[in-house]
Every structure is written in C-alpha cells, then in structure tokens.
>>> print(open('work_8.cif').read())   # mmCIF, C-alpha atoms
data_input
#
loop_
_atom_site.label_atom_id
_atom_site.label_comp_id
_atom_site.auth_asym_id
_atom_site.auth_seq_id
_atom_site.Cartn_x
_atom_site.Cartn_y
_atom_site.Cartn_z
CA MET A 1 0.00 0.00 0.00
CA SER A 2 1.17 3.53 -0.68
CA ASP A 3 1.36 6.21 2.00
CA SER A 4 -1.90 7.67 0.69
CA THR A 5 -3.85 4.44 0.98
CA PRO A 6 -6.54 4.52 3.70
CA THR A 7 -5.44 2.56 6.75
CA VAL A 8 -7.42 0.80 9.43
CA GLY A 9 -6.24 -1.57 12.13
CA SER A 10 -9.00 -4.15 12.39
CA PRO A 11 -12.54 -4.97 11.25
CA ALA A 12 -13.83 -3.72 14.59
CA GLU A 13 -12.01 -0.42 14.14
CA LEU A 14 -13.49 -0.04 10.67
CA ALA A 15 -16.96 -0.87 12.01
CA GLN A 16 -16.55 1.92 14.56
CA ALA A 17 -15.46 4.36 11.85
CA LEU A 18 -18.48 3.40 9.74
CA ASP A 19 -20.74 3.70 12.79
CA ALA A 20 -19.57 7.29 13.21
CA THR A 21 -20.96 8.03 9.73
CA GLY A 22 -24.32 6.44 10.59
CA TYR A 23 -23.67 3.12 8.80
CA LEU A 24 -24.08 0.16 11.13
CA ALA A 25 -22.04 -2.66 9.63
CA ASP A 26 -22.47 -6.23 10.79
CA ASP A 27 -19.41 -8.43 11.31
CA GLY A 28 -19.48 -9.77 7.76
CA VAL A 29 -19.58 -6.37 6.11
CA ALA A 30 -16.88 -4.99 8.41
CA MET A 31 -14.59 -7.94 7.66
CA ALA A 32 -15.11 -7.73 3.88
CA ALA A 33 -14.52 -3.99 3.77
CA PHE A 34 -11.49 -4.26 6.05
CA LEU A 35 -9.87 -6.88 3.83
CA ALA A 36 -10.63 -4.86 0.70
CA VAL A 37 -8.87 -1.86 2.21
CA ARG A 38 -5.88 -3.79 3.53
CA MET A 39 -5.40 -5.93 0.42
CA GLY A 40 -6.10 -3.14 -2.06
CA ARG A 41 -8.72 -5.26 -3.81
CA PRO A 42 -12.09 -4.14 -5.20
CA LEU A 43 -15.06 -5.16 -3.05
CA PHE A 44 -17.92 -6.75 -4.97
CA CYS A 45 -21.17 -6.39 -3.02
CA GLU A 46 -24.17 -8.34 -4.17
CA GLY A 47 -27.64 -8.54 -2.64
CA GLU A 48 -31.26 -7.49 -2.86
CA PRO A 49 -31.99 -3.79 -3.45
CA GLY A 50 -32.03 -1.81 -0.23
CA THR A 51 -29.54 -3.89 1.73
CA GLY A 52 -26.96 -1.09 2.04
CA LYS A 53 -24.52 -1.81 -0.79
CA THR A 54 -24.37 1.72 -2.16
CA SER A 55 -24.50 3.22 1.31
CA LEU A 56 -21.42 1.21 2.25
CA ALA A 57 -19.36 3.01 -0.40
CA THR A 58 -20.68 6.37 0.77
CA ALA A 59 -19.87 5.51 4.38
CA LEU A 60 -16.35 4.32 3.52
CA ALA A 61 -15.64 7.60 1.73
CA GLU A 62 -16.88 9.59 4.70
CA ALA A 63 -15.07 7.42 7.23
CA PHE A 64 -11.72 7.85 5.43
CA GLY A 65 -12.33 11.48 4.50
CA LEU A 66 -12.04 10.65 0.79
CA PRO A 67 -14.04 11.90 -2.18
CA LEU A 68 -16.68 9.51 -3.51
CA ILE A 69 -16.74 9.12 -7.29
CA ARG A 70 -19.78 7.26 -8.58
CA LEU A 71 -20.17 5.45 -11.87
CA GLN A 72 -23.84 4.54 -12.33
CA CYS A 73 -24.04 1.65 -14.77
CA HIS A 74 -26.93 1.18 -17.17
CA GLU A 75 -27.78 -0.77 -20.28
CA GLY A 76 -25.71 0.49 -23.19
CA ILE A 77 -23.07 2.31 -21.14
CA ASP A 78 -19.78 2.46 -23.05
CA ALA A 79 -16.17 3.32 -22.36
CA ALA A 80 -16.56 6.96 -23.42
CA GLN A 81 -19.34 7.53 -20.90
CA ALA A 82 -17.28 5.97 -18.13
CA LEU A 83 -13.79 7.18 -19.00
CA TYR A 84 -13.50 10.43 -20.95
CA ASP A 85 -14.72 12.42 -23.89
CA TRP A 86 -13.52 15.48 -25.76
CA ASP A 87 -15.32 18.81 -25.39
CA PHE A 88 -16.11 19.24 -29.08
CA PRO A 89 -18.02 22.56 -28.79
CA ARG A 90 -15.09 24.17 -26.93
CA GLN A 91 -12.60 22.66 -29.37
CA LEU A 92 -14.58 24.13 -32.27
CA LEU A 93 -14.71 27.54 -30.60
CA HIS A 94 -10.96 27.34 -29.96
CA LEU A 95 -10.34 26.45 -33.61
CA ARG A 96 -12.39 29.38 -34.85
CA THR A 97 -10.53 31.70 -32.51
CA LEU A 98 -7.20 30.48 -33.87
CA GLU A 99 -8.40 30.93 -37.43
CA ALA A 100 -9.55 34.47 -36.76
CA ALA A 101 -6.30 35.42 -35.04
CA SER A 102 -3.92 33.84 -37.56
CA ASP A 103 -5.39 35.28 -40.73
CA GLY A 104 -5.06 31.92 -42.51
CA GLY A 105 -1.49 31.16 -41.37
CA LEU A 106 -2.24 28.08 -39.27
CA GLU A 107 -0.10 24.93 -39.26
CA ALA A 108 -2.30 21.84 -39.17
CA ASP A 109 -0.10 19.84 -36.78
CA THR A 110 0.15 22.72 -34.33
CA VAL A 111 -3.59 23.26 -34.39
CA GLU A 112 -4.33 19.57 -33.85
CA ARG A 113 -1.94 19.38 -30.89
CA SER A 114 -3.61 22.41 -29.30
CA LEU A 115 -7.04 20.79 -29.61
CA TYR A 116 -6.19 17.56 -27.80
CA THR A 117 -4.92 18.77 -24.46
CA GLU A 118 -6.24 18.36 -20.93
CA ARG A 119 -7.93 21.74 -21.37
CA PHE A 120 -10.53 20.09 -23.61
CA LEU A 121 -10.70 16.73 -21.87
CA LEU A 122 -13.96 15.83 -20.13
CA ALA A 123 -13.01 13.34 -17.42
CA ARG A 124 -15.74 10.81 -16.66
CA PRO A 125 -15.88 8.82 -13.37
CA LEU A 126 -13.20 6.21 -14.16
CA LEU A 127 -10.63 8.75 -15.34
CA ARG A 128 -11.43 10.99 -12.39
CA ALA A 129 -10.90 8.06 -10.03
CA LEU A 130 -7.47 7.40 -11.55
CA THR A 131 -6.37 11.03 -11.46
CA GLU A 132 -7.96 12.09 -8.16
CA ALA A 133 -7.08 9.02 -6.07
CA PRO A 134 -6.99 8.39 -3.19
CA CYS A 135 -10.74 8.20 -3.44
CA VAL A 136 -13.59 5.72 -3.22
CA LEU A 137 -14.87 4.63 -6.63
CA LEU A 138 -18.43 3.28 -6.55
CA VAL A 139 -19.32 1.22 -9.63
CA ASP A 140 -23.04 0.97 -8.97
CA GLU A 141 -25.23 -1.79 -10.44
CA ILE A 142 -22.60 -3.37 -12.67
CA ASP A 143 -25.18 -6.06 -13.48
CA ARG A 144 -27.02 -3.50 -15.65
CA ALA A 145 -24.01 -3.03 -17.97
CA ASP A 146 -23.33 -5.38 -20.88
CA ASP A 147 -20.52 -7.89 -21.29
CA GLU A 148 -18.28 -5.58 -23.33
CA PHE A 149 -18.32 -2.88 -20.70
CA GLU A 150 -17.64 -5.44 -17.98
CA ALA A 151 -14.54 -6.60 -19.87
CA PHE A 152 -13.37 -3.00 -20.29
CA LEU A 153 -13.87 -2.33 -16.57
CA LEU A 154 -11.93 -5.47 -15.69
CA GLN A 155 -8.93 -4.17 -17.63
CA VAL A 156 -9.05 -0.77 -15.92
CA LEU A 157 -9.28 -2.34 -12.46
CA ASP A 158 -6.43 -4.71 -13.24
CA GLU A 159 -4.02 -2.05 -14.42
CA ASN A 160 -5.26 1.08 -12.59
CA ALA A 161 -4.30 2.85 -15.79
CA VAL A 162 -5.73 3.79 -19.16
CA THR A 163 -4.22 5.08 -22.37
CA ILE A 164 -5.62 8.15 -24.07
CA PRO A 165 -4.24 8.05 -27.63
CA GLU A 166 -3.71 11.82 -27.86
CA LEU A 167 -2.18 12.22 -24.38
CA GLY A 168 -0.60 8.90 -23.44
CA GLU A 169 -0.96 6.72 -20.36
CA VAL A 170 -2.79 7.91 -17.25
CA ARG A 171 -1.94 5.79 -14.20
CA ALA A 172 -3.29 6.20 -10.68
CA ALA A 173 -0.62 7.27 -8.21
CA THR A 174 -2.74 5.54 -5.56
CA PRO A 175 -5.26 2.88 -6.61
CA PRO A 176 -8.78 3.95 -5.70
CA LEU A 177 -10.76 1.96 -3.14
CA VAL A 178 -13.34 0.33 -5.41
CA VAL A 179 -16.80 -0.88 -4.39
CA LEU A 180 -18.90 -2.62 -7.05
CA THR A 181 -22.57 -3.36 -6.44
CA SER A 182 -24.97 -5.75 -8.13
CA ASN A 183 -28.66 -6.46 -7.57
CA ARG A 184 -28.12 -9.73 -9.41
CA THR A 185 -30.43 -8.95 -12.31
CA ARG A 186 -27.90 -11.07 -14.23
CA GLU A 187 -24.80 -13.02 -13.31
CA VAL A 188 -21.57 -11.01 -13.45
CA HIS A 189 -18.75 -12.89 -15.14
CA ASP A 190 -16.35 -14.92 -13.07
CA ALA A 191 -13.37 -12.98 -14.46
CA LEU A 192 -14.54 -9.81 -12.75
CA LYS A 193 -15.50 -11.60 -9.57
CA ARG A 194 -12.07 -13.20 -9.35
CA ARG A 195 -10.52 -9.72 -9.37
CA CYS A 196 -12.62 -8.75 -6.34
CA LEU A 197 -13.41 -9.75 -2.80
CA TYR A 198 -17.02 -10.84 -2.63
CA HIS A 199 -19.70 -10.23 -0.04
CA TRP A 200 -23.42 -10.98 -0.12
CA LEU A 201 -25.49 -8.47 1.84
CA GLU A 202 -28.70 -9.57 3.52
CA HIS A 203 -31.37 -7.30 4.90
CA PRO A 204 -30.50 -6.47 8.52
CA ASP A 205 -32.06 -8.60 11.23
CA LEU A 206 -34.73 -7.02 13.41
CA THR A 207 -32.37 -5.88 16.16
CA ARG A 208 -29.97 -4.21 13.73
CA GLU A 209 -32.76 -2.58 11.75
CA VAL A 210 -34.13 -1.05 14.95
CA ALA A 211 -30.62 0.18 15.74
CA ILE A 212 -30.29 1.67 12.24
CA LEU A 213 -33.60 3.50 12.58
CA ARG A 214 -32.67 4.89 15.97
CA ARG A 215 -29.20 5.85 14.70
CA ARG A 216 -30.44 7.60 11.57
CA ILE A 217 -33.74 9.17 12.65
CA PRO A 218 -33.25 11.84 15.33
CA GLY A 219 -35.82 11.67 18.09
CA ILE A 220 -37.42 8.35 17.15
CA GLY A 221 -38.33 6.30 20.21
CA PRO A 222 -37.66 2.59 20.68
CA ASP A 223 -41.37 1.70 20.43
CA LEU A 224 -41.93 3.37 17.06
CA ALA A 225 -38.59 2.12 15.71
CA GLY A 226 -39.52 -1.40 16.75
CA GLN A 227 -42.97 -1.16 15.18
CA VAL A 228 -41.60 0.11 11.88
CA ALA A 229 -38.87 -2.51 11.78
CA ARG A 230 -41.29 -5.37 12.55
CA ALA A 231 -43.77 -4.13 9.94
CA VAL A 232 -41.02 -3.86 7.32
CA HIS A 233 -39.81 -7.37 8.14
CA SER A 234 -43.36 -8.65 7.73
CA LEU A 235 -43.62 -6.88 4.36
CA ARG A 236 -40.40 -8.56 3.21
CA GLU A 237 -41.93 -11.95 3.94
CA MET A 238 -44.86 -11.22 1.62
CA GLU A 239 -44.62 -11.87 -2.11
CA LEU A 240 -44.34 -8.23 -3.17
CA LEU A 241 -43.09 -6.83 -6.45
CA LYS A 242 -40.69 -4.57 -4.56
CA PRO A 243 -39.97 -5.63 -0.98
CA PRO A 244 -38.86 -2.63 1.08
CA GLY A 245 -35.19 -2.08 1.79
CA VAL A 246 -33.52 -0.16 4.59
CA ALA A 247 -33.96 3.09 2.67
CA GLU A 248 -37.74 2.59 2.56
CA ALA A 249 -37.82 1.75 6.28
CA LEU A 250 -35.97 5.00 6.97
CA ASP A 251 -38.36 6.93 4.74
CA TRP A 252 -41.35 5.45 6.56
CA ALA A 253 -39.92 6.32 9.95
CA ARG A 254 -39.09 9.86 8.79
CA ALA A 255 -42.64 10.28 7.47
CA LEU A 256 -44.07 9.20 10.81
CA ARG A 257 -41.81 11.61 12.65
CA GLU A 258 -42.93 14.42 10.32
CA LEU A 259 -46.48 13.60 11.44
CA ASP A 260 -45.36 13.63 15.11
CA ARG A 261 -46.43 10.02 15.56
CA ASP A 262 -44.95 8.01 18.42
CA VAL A 263 -46.82 4.82 17.56
CA LEU A 264 -47.77 3.14 14.29
CA ASP A 265 -51.46 2.31 14.20
CA ALA A 266 -53.45 0.85 11.31
CA GLU A 267 -54.94 4.19 10.28
CA THR A 268 -51.54 5.91 10.16
CA ALA A 269 -49.98 2.95 8.39
CA ALA A 270 -52.66 3.07 5.69
CA ALA A 271 -52.06 6.77 5.16
CA THR A 272 -48.27 6.47 4.91
CA LEU A 273 -47.70 3.16 3.11
CA GLY A 274 -46.56 5.09 0.04
CA ALA A 275 -43.32 5.81 1.87
CA VAL A 276 -42.47 2.12 1.98
CA LEU A 277 -44.31 0.48 -0.94
CA LYS A 278 -43.91 1.71 -4.52
CA TYR A 279 -46.32 -0.40 -6.56
CA ARG A 280 -50.12 -0.31 -6.63
CA GLU A 281 -50.20 -4.11 -6.69
CA ASP A 282 -48.15 -4.24 -3.48
CA LEU A 283 -50.43 -1.71 -1.78
CA GLU A 284 -53.46 -3.75 -2.74
CA ARG A 285 -51.88 -7.01 -1.57
CA VAL A 286 -51.05 -5.52 1.84
CA ALA A 287 -54.54 -4.03 2.14
CA ARG A 288 -56.08 -7.43 1.43
CA ALA A 289 -53.84 -9.06 4.02
CA GLY A 290 -54.94 -6.50 6.62
CA LEU A 291 -52.88 -3.77 8.22
CA ASP A 292 -53.78 -4.91 11.73
CA ARG A 293 -52.25 -8.28 10.91
CA LEU A 294 -49.18 -6.58 9.47
CA LEU A 295 -48.66 -4.46 12.58
CA ALA A 296 -49.28 -7.43 14.87
CA GLY A 297 -46.37 -9.25 13.21
#
>>> encode(input="work_8.cif", output="structure tokens")
Amino acid sequence: MSDSTPTVGSPAELAQALDATGYLADDGVAMAAFLAVRMGRPLFCEGEPGTGKTSLATALAEAFGLPLIRLQCHEGIDAAQALYDWDFPRQLLHLRTLEAASDGGLEADTVERSLYTERFLLARPLLRALTEAPCVLLVDEIDRADDEFEAFLLQVLDENAVTIPELGEVRAATPPLVVLTSNRTREVHDALKRRCLYHWLEHPDLTREVAILRRRIPGIGPDLAGQVARAVHSLREMELLKPPGVAEALDWARALRELDRDVLDAETAAATLGAVLKYREDLERVARAGLDRLLAG
C-alpha cells in the first residue's frame, strides 16, 4: 500500500469508523470492507436492493475522508461515458478563434496538438478516479451493464491505468478503493468476480434494523422504531413486487416523525404506506392481508 492508501487496524475499528458516519455494519460487512482496504482489492457487493450496498461506499468515503466518485451503470453504457470524452463545442470555438487570429497562417499539426490537451478533456468517473485518487470509486449496479463494458472495466481495475491516444498513459498514483454493487439482475462474469473480494449483503435482522432506525432518525423512540422494523420485516416476507429495503424503512420512519407520531397504528400505516411500498399491486396485496395483521407481526 502507498502512504496515501486509507489505513485501518482491524474490522472492529473499521466498524466503529463506519458507525460514526451512521452506517451500522455487521461483522461480515466490516470484515469484507477491512480486507478490501488492507489488500487493495475491489469489493464486490451483491444482494437485494435496499440492503446497504451503495450506502457502504458512501460511508467508507466519509469514514476515510475521501471523495466519492460514482459510476452509475446502465444498459448500453460504453467506455466513453465511463472514462473520458472530448469537449467538441469548446474545441470548435478554440479552432475558430485560432483561425480568426492567424489570418489563414495556421499549421495543421500545431492546431491539432492544441485541440487535444487536458484543457478540452472531459473526465468521466473512471478517469477521475485514476487522477484524483486516493478516493472511493463506486461502480453501482454493474449487473445492468453489458458484457463488453464489464470486460473493459476489468482491464481498468487490473491495471489502474488507461491510455488516451492523444495524451498517453494515465496511471493512478494511488489505486482507488473500489466498491462494485450488483442487484443480481444477471450473473456477473467470473473474471470480474475473481478480481474482487465478494460479499453478499442480507437485509438487517430485526435488532440491527431497529438500531439503524434509531441511529439515523433523530428523536425516534424505541417503540416506534420497533414497530416500523417489525412491519417492514413482515412486508419482506410477503410476495411483493418490490420488498422494502432499509432506505424505505428509513423513509417510513421519517414520514411518521414528520407527522409527530410516536406509535404506528393501522390508520396511520394506511395513510403512509406510500413511503415504503412503490407499486399499486403491493399496496393492494397488503390491504387485502390486513394492516392490523401486518402491525401485529
């Protein structure tokens, strides 16, 4: 590790640092993140939506005092969108300025060299991560990208360097701390997984979810936190289109606090379910099951 690499003494120490940011890591998450930091390996986090994968990257950046650079993957993303592009409008304006000032005496090679400099380079997340490291690079939802992009990303992570034809090689002085997330909408190739440390994130158990709510929602009492957590756990056991994650549990608790509620009754739950369920079919399924039954769970 270089002198600029984040350092931490133990998984417990890292868990404490994450706790200070509001992220309550269980032993498995703390161990995986600790090893990723110490070994300088990307951390591949897989799990259901809402289990805290993205939040882990945010918390690591805050805990180490590093910038967070996020690459949001999507279908059709290509290397130019992730790495760099040239600012063509500014290059064109620069060219016209040169033409106006030179009165037709331009040398083609000189003009071309002046157009392809860092001044006109638009750094995308991967290039920024290489040039601004130390930092935390979040590659979010890599399972949404296609195979070609995954292969390109694998090469960048392997070498911590890229080559820009007009400028030459750009190599990270300090490799970024990389967190990749996947909701497992498709299987990520073994080649990428082999490059990473792997951790599967589960939804928090009831005790930890109550602790998360009390840690993240100022003023929430233990009774309301417990009611929300139990209701969310019951919702996750139903066959819903979109089971609620931790983020939805936090939203529900915040909504209840905005309404100055200290307890969650059936009437209030019915009025605020939109904070935790996002599909009409899910709302109807829960209504048919009965909110009293949900809250009793």
>>> residues_near_point(input="work_8.cif", point="(-40.5, 2.1, 0.9)", cutoff="7 Å", atoms="all atoms listed in the file", output="PyMOL selection string")
chain A and resi 244-245+247-249+251-252+274-278
>>> write_last_selection(input="work_8.cif", atoms="C-alpha atoms", output="tab-separated table (two decimals), in the frame of the given file")
chain	number	residue	atom	x	y	z
A	244	PRO	CA	-38.86	-2.63	1.08
A	245	GLY	CA	-35.19	-2.08	1.79
A	247	ALA	CA	-33.96	3.09	2.67
A	248	GLU	CA	-37.74	2.59	2.56
A	249	ALA	CA	-37.82	1.75	6.28
A	251	ASP	CA	-38.36	6.93	4.74
A	252	TRP	CA	-41.35	5.45	6.56
A	274	GLY	CA	-46.56	5.09	0.04
A	275	ALA	CA	-43.32	5.81	1.87
A	276	VAL	CA	-42.47	2.12	1.98
A	277	LEU	CA	-44.31	0.48	-0.94
A	278	LYS	CA	-43.91	1.71	-4.52
>>> residues_near_point(input="work_8.cif", point="(-28.1, -5.9, 10.2)", cutoff="10 Å", atoms="only C-alpha atoms", output="PyMOL selection string")
chain A and resi 24-29+51-52+201-212+246
>>> resolve_selection(input="work_8.cif", expression="the PyMOL selection byres ((chain A and resi 271) around 12)", output="list in words")
Trp252, Ala255, Leu256, Leu259, Leu264, Asp265, Ala266, Glu267, Thr268, Ala269, Ala270, Thr272, Leu273, Gly274, Ala275, Val276, Leu277, Leu283, Ala287 and Leu291 of chain A
>>> axis_aligned_box(input="work_8.cif", around="segment 58-67 of chain A", padding_each_side="5 Å", output="AutoDock Vina command-line options")
--center_x -16.2 --center_y 8.1 --center_z 2.5 --size_x 19.0 --size_y 17.6 --size_z 19.4
>>> resolve_selection(input="work_8.cif", expression="the PyMOL selection byres ((chain A and resi 215) around 12)", output="MDAnalysis selection string")
chainID A and resid 19:24 208:214 216:222 225 250 253
>>> write_last_selection(input="work_8.cif", atoms="C-alpha atoms", output="PDB file, keeping the file's coordinate frame")
ATOM      1  CA  ASP A  19     -20.740   3.700  12.790  1.00  0.00           C
ATOM      2  CA  ALA A  20     -19.570   7.290  13.210  1.00  0.00           C
ATOM      3  CA  THR A  21     -20.960   8.030   9.730  1.00  0.00           C
ATOM      4  CA  GLY A  22     -24.320   6.440  10.590  1.00  0.00           C
ATOM      5  CA  TYR A  23     -23.670   3.120   8.800  1.00  0.00           C
ATOM      6  CA  LEU A  24     -24.080   0.160  11.130  1.00  0.00           C
ATOM      7  CA  ARG A 208     -29.970  -4.210  13.730  1.00  0.00           C
ATOM      8  CA  GLU A 209     -32.760  -2.580  11.750  1.00  0.00           C
ATOM      9  CA  VAL A 210     -34.130  -1.050  14.950  1.00  0.00           C
ATOM     10  CA  ALA A 211     -30.620   0.180  15.740  1.00  0.00           C
ATOM     11  CA  ILE A 212     -30.290   1.670  12.240  1.00  0.00           C
ATOM     12  CA  LEU A 213     -33.600   3.500  12.580  1.00  0.00           C
ATOM     13  CA  ARG A 214     -32.670   4.890  15.970  1.00  0.00           C
ATOM     14  CA  ARG A 216     -30.440   7.600  11.570  1.00  0.00           C
ATOM     15  CA  ILE A 217     -33.740   9.170  12.650  1.00  0.00           C
ATOM     16  CA  PRO A 218     -33.250  11.840  15.330  1.00  0.00           C
ATOM     17  CA  GLY A 219     -35.820  11.670  18.090  1.00  0.00           C
ATOM     18  CA  ILE A 220     -37.420   8.350  17.150  1.00  0.00           C
ATOM     19  CA  GLY A 221     -38.330   6.300  20.210  1.00  0.00           C
ATOM     20  CA  PRO A 222     -37.660   2.590  20.680  1.00  0.00           C
ATOM     21  CA  ALA A 225     -38.590   2.120  15.710  1.00  0.00           C
ATOM     22  CA  LEU A 250     -35.970   5.000   6.970  1.00  0.00           C
ATOM     23  CA  ALA A 253     -39.920   6.320   9.950  1.00  0.00           C
TER      24      ALA A 253
END
>>> closest_residue(input="work_8.cif", among="A:Phe44, A:Phe64, A:Phe34, A:Trp86", to="Leu192 of chain A", atoms="all atoms listed in the file")
A:Phe44
